[in-house]
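Asker: File follows, protein.pdb with PDB, C-alpha atoms:
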ATOM      1  CA  GLY A 118      95.964  97.014  79.837  1.00  0.00           C
ATOM      2  CA  LYS A 119      98.702  99.278  78.431  1.00  0.00           C
ATOM      3  CA  GLU A 120      98.133 102.774  77.057  1.00  0.00           C
ATOM      4  CA  ASP A 121     100.003 103.949  73.999  1.00  0.00           C
ATOM      5  CA  ILE A 122      99.766 106.656  71.345  1.00  0.00           C
ATOM      6  CA  VAL A 123      98.825 105.348  67.892  1.00  0.00           C
ATOM      7  CA  ARG A 124      99.300 107.080  64.563  1.00  0.00           C
ATOM      8  CA  PHE A 125      96.959 105.817  61.867  1.00  0.00           C
ATOM      9  CA  LEU A 126      98.959 104.123  59.120  1.00  0.00           C
ATOM     10  CA  ALA A 127      98.757 105.522  55.580  1.00  0.00           C
ATOM     11  CA  VAL A 128      96.563 108.498  56.481  1.00  0.00           C
ATOM     12  CA  ASN A 129      97.234 112.151  57.189  1.00  0.00           C
ATOM     13  CA  THR A 130      94.573 114.141  59.004  1.00  0.00           C
ATOM     14  CA  PRO A 131      94.351 117.943  58.874  1.00  0.00           C
ATOM     15  CA  GLU A 132      96.189 119.765  61.643  1.00  0.00           C
ATOM     16  CA  VAL A 133      94.320 121.641  64.343  1.00  0.00           C
ATOM     17  CA  ARG A 134      97.539 123.475  65.243  1.00  0.00           C
ATOM     18  CA  ASN A 135      97.906 125.422  62.032  1.00  0.00           C
ATOM     19  CA  THR A 136      97.669 129.007  60.860  1.00  0.00           C
ATOM     20  CA  ASN A 137      95.198 128.103  58.123  1.00  0.00           C
ATOM     21  CA  ALA A 138      91.614 128.476  59.397  1.00  0.00           C
ATOM     22  CA  VAL A 139      90.223 125.996  56.851  1.00  0.00           C
ATOM     23  CA  GLU A 140      92.752 123.321  57.870  1.00  0.00           C
ATOM     24  CA  ILE A 141      91.961 123.949  61.548  1.00  0.00           C
ATOM     25  CA  CYS A 142      88.244 123.532  60.791  1.00  0.00           C
ATOM     26  CA  HIS A 143      88.800 120.258  58.937  1.00  0.00           C
ATOM     27  CA  GLY A 144      91.189 119.125  61.684  1.00  0.00           C
ATOM     28  CA  LYS A 145      88.511 119.705  64.316  1.00  0.00           C
ATOM     29  CA  ASN A 146      85.987 117.783  62.199  1.00  0.00           C
ATOM     30  CA  SER A 147      88.421 114.887  61.820  1.00  0.00           C
ATOM     31  CA  THR A 148      89.156 114.875  65.552  1.00  0.00           C
ATOM     32  CA  LEU A 149      85.445 114.867  66.394  1.00  0.00           C
ATOM     33  CA  PHE A 150      84.779 112.049  63.889  1.00  0.00           C
ATOM     34  CA  THR A 151      87.570 109.984  65.445  1.00  0.00           C
ATOM     35  CA  LYS A 152      86.428 110.605  69.014  1.00  0.00           C
ATOM     36  CA  GLU A 153      82.798 109.779  68.190  1.00  0.00           C
ATOM     37  CA  ASN A 154      83.838 106.479  66.642  1.00  0.00           C
ATOM     38  CA  LEU A 155      86.724 105.309  68.849  1.00  0.00           C
ATOM     39  CA  GLU A 156      86.668 107.009  72.241  1.00  0.00           C
ATOM     40  CA  ASN A 157      86.029 104.659  75.191  1.00  0.00           C
ATOM     41  CA  LYS A 158      85.899 101.630  72.890  1.00  0.00           C
ATOM     42  CA  ASN A 159      88.120  98.598  72.661  1.00  0.00           C
ATOM     43  CA  ILE A 160      90.217  98.858  69.535  1.00  0.00           C
ATOM     44  CA  PHE A 161      92.329  96.352  67.691  1.00  0.00           C
ATOM     45  CA  ILE A 162      95.496  97.304  65.870  1.00  0.00           C
ATOM     46  CA  TRP A 163      97.604  95.775  63.126  1.00  0.00           C
ATOM     47  CA  GLY A 164     100.964  96.777  61.799  1.00  0.00           C
ATOM     48  CA  ASP A 165     102.082  96.768  58.188  1.00  0.00           C
ATOM     49  CA  ARG A 166     104.926  94.580  56.969  1.00  0.00           C
ATOM     50  CA  THR A 167     106.275  97.489  54.912  1.00  0.00           C
ATOM     51  CA  GLN A 168     106.422  99.986  57.781  1.00  0.00           C
ATOM     52  CA  PRO A 169     108.347 100.279  61.038  1.00  0.00           C
ATOM     53  CA  LYS A 170     106.471  99.493  64.248  1.00  0.00           C
ATOM     54  CA  ARG A 171     106.953 103.059  65.546  1.00  0.00           C
ATOM     55  CA  ASP A 172     107.530 106.477  64.010  1.00  0.00           C
ATOM     56  CA  LYS A 173     110.229 109.008  64.949  1.00  0.00           C
ATOM     57  CA  TYR A 174     107.970 110.288  67.771  1.00  0.00           C
ATOM     58  CA  ASN A 175     107.706 106.728  69.187  1.00  0.00           C
ATOM     59  CA  ARG A 176     104.008 106.444  68.267  1.00  0.00           C
ATOM     60  CA  LEU A 177     102.718 103.018  67.234  1.00  0.00           C
ATOM     61  CA  LEU A 178     101.990 102.928  63.499  1.00  0.00           C
ATOM     62  CA  ALA A 179      98.826 100.909  62.988  1.00  0.00           C
ATOM     63  CA  TYR A 180      95.654 100.106  61.153  1.00  0.00           C
ATOM     64  CA  VAL A 181      92.844 100.460  63.702  1.00  0.00           C
ATOM     65  CA  SER A 182      89.529  98.625  63.959  1.00  0.00           C
ATOM     66  CA  LEU A 183      86.680  98.052  66.371  1.00  0.00           C
ATOM     67  CA  GLU A 184      86.361  94.428  65.249  1.00  0.00           C
ATOM     68  CA  PRO A 185      88.890  91.746  66.163  1.00  0.00           C
ATOM     69  CA  ASN A 186      88.656  90.124  62.715  1.00  0.00           C
ATOM     70  CA  SER A 187      89.143  93.313  60.679  1.00  0.00           C
ATOM     71  CA  ASN A 188      92.478  92.158  59.425  1.00  0.00           C
ATOM     72  CA  THR A 189      90.611  89.926  56.994  1.00  0.00           C
ATOM     73  CA  ASN A 190      86.881  90.748  56.911  1.00  0.00           C
ATOM     74  CA  SER A 191      85.915  94.338  57.659  1.00  0.00           C
ATOM     75  CA  PRO A 192      87.346  97.775  56.968  1.00  0.00           C
ATOM     76  CA  PHE A 193      89.773  99.524  59.206  1.00  0.00           C
ATOM     77  CA  PHE A 194      88.956 102.880  60.744  1.00  0.00           C
ATOM     78  CA  ASN A 195      91.830 104.241  58.625  1.00  0.00           C
ATOM     79  CA  ASP A 196      89.663 103.384  55.577  1.00  0.00           C
ATOM     80  CA  GLN A 197      86.751 105.312  57.060  1.00  0.00           C
ATOM     81  CA  LEU A 198      88.862 108.408  57.718  1.00  0.00           C
ATOM     82  CA  ILE A 199      89.797 108.560  54.036  1.00  0.00           C
ATOM     83  CA  SER A 200      86.449 107.515  52.558  1.00  0.00           C
ATOM     84  CA  THR A 201      84.597 110.201  54.561  1.00  0.00           C
ATOM     85  CA  GLY A 202      87.051 112.955  53.621  1.00  0.00           C
ATOM     86  CA  ASN A 203      88.403 113.240  57.176  1.00  0.00           C
ATOM     87  CA  ALA A 204      91.953 112.388  56.071  1.00  0.00           C
ATOM     88  CA  LYS A 205      94.190 112.302  53.025  1.00  0.00           C
ATOM     89  CA  VAL A 206      96.340 109.407  51.943  1.00  0.00           C
ATOM     90  CA  TYR A 207      99.869 109.511  53.330  1.00  0.00           C
ATOM     91  CA  ARG A 208     102.641 108.047  51.200  1.00  0.00           C
ATOM     92  CA  ALA A 209     105.494 106.632  53.210  1.00  0.00           C
ATOM     93  CA  ASP A 210     108.666 105.394  51.575  1.00  0.00           C
ATOM     94  CA  PRO A 211     108.110 102.575  50.847  1.00  0.00           C
ATOM     95  CA  PRO A 212     104.322 102.965  50.585  1.00  0.00           C
ATOM     96  CA  ALA A 213     102.173 101.055  53.070  1.00  0.00           C
ATOM     97  CA  ASP A 214     100.380  97.935  51.848  1.00  0.00           C
ATOM     98  CA  LYS A 215      97.028  99.753  51.700  1.00  0.00           C
ATOM     99  CA  TYR A 216      98.391 102.866  49.961  1.00  0.00           C
ATOM    100  CA  TYR A 217      96.925 102.144  46.515  1.00  0.00           C
ATOM    101  CA  LYS A 218      93.568 101.048  47.951  1.00  0.00           C
ATOM    102  CA  TYR A 219      93.497 104.276  49.940  1.00  0.00           C
ATOM    103  CA  LEU A 220      94.191 106.345  46.815  1.00  0.00           C
ATOM    104  CA  GLU A 221      91.003 104.882  45.325  1.00  0.00           C
ATOM    105  CA  LEU A 222      89.012 105.654  48.493  1.00  0.00           C
ATOM    106  CA  GLN A 223      90.357 109.210  48.445  1.00  0.00           C
ATOM    107  CA  LYS A 224      89.467 109.653  44.786  1.00  0.00           C
ATOM    108  CA  THR A 225      85.873 108.617  45.513  1.00  0.00           C
ATOM    109  CA  ALA A 226      85.662 111.001  48.502  1.00  0.00           C
ATOM    110  CA  GLN A 227      87.001 113.813  46.311  1.00  0.00           C
ATOM    111  CA  GLN A 228      84.470 113.080  43.560  1.00  0.00           C
ATOM    112  CA  GLN A 229      81.650 113.048  46.114  1.00  0.00           C
ATOM    113  CA  LYS A 230      83.025 116.229  47.749  1.00  0.00           C
ATOM    114  CA  LEU A 231      83.072 114.706  51.227  1.00  0.00           C
ATOM    115  CA  GLY A 232      84.727 116.267  54.271  1.00  0.00           C
ATOM    116  CA  MET A 233      87.836 118.230  53.384  1.00  0.00           C
ATOM    117  CA  TRP A 234      87.014 117.876  49.690  1.00  0.00           C
ATOM    118  CA  ASN A 235      83.878 120.009  50.148  1.00  0.00           C
ATOM    119  CA  ASN A 236      84.796 123.697  49.996  1.00  0.00           C
ATOM    120  CA  GLU A 237      81.533 124.658  51.711  1.00  0.00           C
ATOM    121  CA  VAL A 238      82.157 122.698  54.937  1.00  0.00           C
ATOM    122  CA  CYS A 239      84.551 125.185  56.520  1.00  0.00           C
ATOM    123  CA  LYS A 240      83.420 128.550  55.130  1.00  0.00           C
TER     124      LYS A 240
END
Write the structure described by the file as structure tokens, please.
Answerer:
Amino acid sequence: GKEDIVRFLAVNTPEVRNTNAVEICHGKNSTLFTKENLENKNIFIWGDRTQPKRDKYNRLLAYVSLEPNSNTNSPFFNDQLISTGNAKVYRADPPADKYYKYLELQKTAQQQKLGMWNNEVCK
């Protein structure tokens, strides 16, 4: 019953508050994708043993899922953001547990020219 701000672990989405029109476009697409998939839904969050619980802005750092058993059986929404080209991999120091898996997802999204990896999306 508590509200909190969550930052997706190991991902970096494009900024909508930017001077670059292409980044703003991709940021809006990422925001819309997130809202369509998570807004008004119950979500489940998991931390990462390699990362602090909160960032310097006091946001919870988490892997997010719509399924309660995602920690073991199904992908996190963080995975979907990267695999659809709606986010890039973020490397913390030390890297998050899923960092190397996310690099592979990003590579596939880049090869398939999905989302931000498609130069035609925001022309």
Asker: Here's the selection I'm unsure about, the PyMOL selection byres ((chain A and resi 159) around 9); applied to the file above, which residues does it give, as a PyMOL selection string?
Answerer: chain A and resi 155-158+160-161+182-184
Asker: Out of A:Val133, A:Leu178, A:Val123, A:Val128, which residue has the shortest atom-to-atom distance to Leu220 of chain A when counting only C-alpha atoms?
Answerer: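 The closest residue to Leu220 of chain A is A:Val128.
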Asker: Pick out the closest residue to Ala127 of chain A from this set: A:Thr151, A:Asn175, A:Asn236, A:Gln168. Count all atoms listed in the file.
Answerer: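 Ranked by minimum distance to Ala127 of chain A, first place goes to A:Gln168.
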Asker: Using only C-alpha atoms, which residues sit within 12 Å of Lys215 of chain A once same-chain residues fewer than 2 positions away are excluded, as a ChimeraX atom specification?
Answerer: /A:125-128,164-168,179-180,188,192-193,195-196,199,206-209,211-213,217-222
Asker: For a quick check of understanding, using all atoms listed in the file, which of A:Met233, A:Asn146, A:Asp214, A:Glu120 has the smallest distance to Trp163 of chain A?
Answerer: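 Among the listed residues, A:Asp214 lies closest to Trp163 of chain A.
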Asker: Mind giving me the straight-line distance from atom CA of Gly232 of chain A to atom CA of Arg171 of chain A in Å, one decimal?
Answerer: 28.2 Å
Asker: How far is it from atom CA of Leu231 of chain A to atom CA of Pro185 of chain A, in Å with one decimal?
Answerer: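 About the pair atom CA of Leu231 of chain A and atom CA of Pro185 of chain A: they are 28.0 Å apart.
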